[in-house]
Each structure stands twice: as structure tokens, then as C-alpha cells.
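Contents: one structure, followed by commentary.
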Amino acid sequence: MQVGWTNMRTPLYLVCYIIYTIFTSTLLSIPLALRYLVRRISPLRAAKAIENIIALYEGTVRHERRHPVHHSFRFPARYALIDLDRPPYSPPNFLSAEDARCAAKTNGPV
């Protein structure tokens with residue numbers, strides 16, 4: 001039985017795509033790792049406790065599909081991470097730290 005180029009194209013495409021994804025993820029992770037290390041070493045690390053309660057992040061969500069039909073999109077995203085164990089203000093009907101632990105089935109910080 002002879003193996004044709006058509007039969008080899010899909011596995012080759014997948015291997016190339018995996019290599020591309022690993023390379024891109026690694027390349028995009030380097031600045032994050034450097035920023036993390038700088039923040040760990042920086043003397044500004046001993047900041048006010050309030051800075052550890054709320055963290056605001058801004059970025060871009062990107063998605064691309066190439067098969068079966070090429071489709072891609074990107075949109076801006078903003079996230080607010082709040083330490084539920086030490087919220088600055090918590091109305092009685094909002095998610096508490098204990099509710100979050102129960103929903104996540106964990107006993108650590110939330």
C-alpha cells in the first residue's frame with residue numbers, strides 16, 4: 001500500500017500547528033514571567049494591604065480557527081479580581097468567601 005501526500009498532510013499540519021502554538025505561547029509568556037520576577041524582587045512589594053485585595057487587568061481575548069473554515073476575532077477584555085476573604089465592601093446578598101469555596105469545592109483562599 002502506497003501512502004500518498006494527501007494522507008500525510010493532516011498529521012503534518014497538526015504537528016506544525018502544535019509546534020507553532022508552543023512557540024507562540026512560550027514567546028508570549030516570557031514578558032509575564034519577567035514582570036512577575038521584577039515584582040517579586042522590587043522594594044515596592046511591601047505596598048499597602050488594599051493593593052492585594054483588588055487587582056485590575058486589561059487585555060485582549062483572541063481566537064482563531066483555521067479549519068474547516070477560517071474564522072478569527074479579538075475583543076478587549078477587562079477583569080477585576082477581588083480577594084473575597086478581605087472584600088472592601090460586601091453587601092449581604094453578594095457572593096461571600098464561604099459561598100465561593102463551596103461552589104469551587106475548595107478550602108483555600110478565594
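Chain labels run A, B, ... following the order of the C-alpha cells; each chain numbers its residues from 1, and ligands are numbered from 1 in the order shown.
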
(request) Pull the helix (DSSP H, G or I) assignments for segment 17-88 of chain A out of DSSP run on the backbone, and list those residues as JSON, numbers by chain. (result) {"A": [17, 18, 19, 20, 21, 22, 23, 24, 25, 26, 27, 28, 29, 30, 31, 32, 33, 34, 35, 36, 37, 38, 39, 40, 41, 43, 44, 45, 49, 50, 51, 52]}

Grab the residues selected above and save them as a JSON list (two decimals), in the first residue's frame with C-alpha atoms.
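Done, and the output landed in result-v5.json:
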```
[["chain", "number", "residue", "atom", "x", "y", "z"],
["A", 17, "TYR", "CA", 0.35, 23.71, 14.44],
["A", 18, "ILE", "CA", 1.35, 22.21, 17.80],
["A", 19, "ILE", "CA", 4.91, 23.47, 17.35],
["A", 20, "TYR", "CA", 3.61, 26.91, 16.35],
["A", 21, "THR", "CA", 1.30, 27.05, 19.39],
["A", 22, "ILE", "CA", 4.05, 26.01, 21.80],
["A", 23, "PHE", "CA", 6.44, 28.58, 20.32],
["A", 24, "THR", "CA", 3.85, 31.39, 20.43],
["A", 25, "SER", "CA", 2.75, 30.57, 23.98],
["A", 26, "THR", "CA", 6.34, 30.48, 25.18],
["A", 27, "LEU", "CA", 7.17, 33.74, 23.46],
["A", 28, "LEU", "CA", 4.13, 35.49, 24.93],
["A", 29, "SER", "CA", 4.80, 34.07, 28.41],
["A", 30, "ILE", "CA", 8.33, 35.48, 28.68],
["A", 31, "PRO", "CA", 7.19, 39.08, 29.43],
["A", 32, "LEU", "CA", 4.76, 37.79, 32.05],
["A", 33, "ALA", "CA", 7.49, 35.79, 33.76],
["A", 34, "LEU", "CA", 9.85, 38.78, 33.73],
["A", 35, "ARG", "CA", 7.17, 41.07, 35.15],
["A", 36, "TYR", "CA", 6.45, 38.53, 37.89],
["A", 37, "LEU", "CA", 10.14, 38.28, 38.81],
["A", 38, "VAL", "CA", 10.57, 42.06, 38.87],
["A", 39, "ARG", "CA", 7.57, 42.43, 41.15],
["A", 40, "ARG", "CA", 8.88, 39.72, 43.49],
["A", 41, "ILE", "CA", 12.29, 41.41, 43.78],
["A", 43, "PRO", "CA", 11.22, 47.03, 47.01],
["A", 44, "LEU", "CA", 7.75, 48.31, 46.15],
["A", 45, "ARG", "CA", 6.48, 44.86, 47.02],
["A", 49, "ALA", "CA", -2.72, 45.87, 52.02],
["A", 50, "ILE", "CA", -5.51, 47.29, 49.88],
["A", 51, "GLU", "CA", -3.47, 46.64, 46.73],
["A", 52, "ASN", "CA", -3.62, 42.92, 47.46]]
```

(request) Taking the DSSP assignment computed from this structure's backbone, write out as a PyMOL selection string all residues of chain A that belong to strand (DSSP E). (result) chain A and resi 54-65+71-82

(request) Could you give me, as a ChimeraX atom specification, the residues within 7 Å of segment 91-100 of chain A, counting only C-alpha atoms and dropping anything in the same chain fewer than 5 positions from it? (result) /A:84-85,110

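Pairwise distance (atom CA of Val61 of chain A, atom CA of Ala103 of chain A) equals 25.8 Å.
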
(message) Let me make sure I understand: among A:His67, A:Leu12, A:Ala55, A:Asn107, which one has the smallest atom-to-atom distance to Ala80 of chain A if we use only C-alpha atoms?
(response) A:Ala55

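One distance worth recording is that between atom CA of Arg78 of chain A and atom CA of Leu56 of chain A, which is 7.4 Å.
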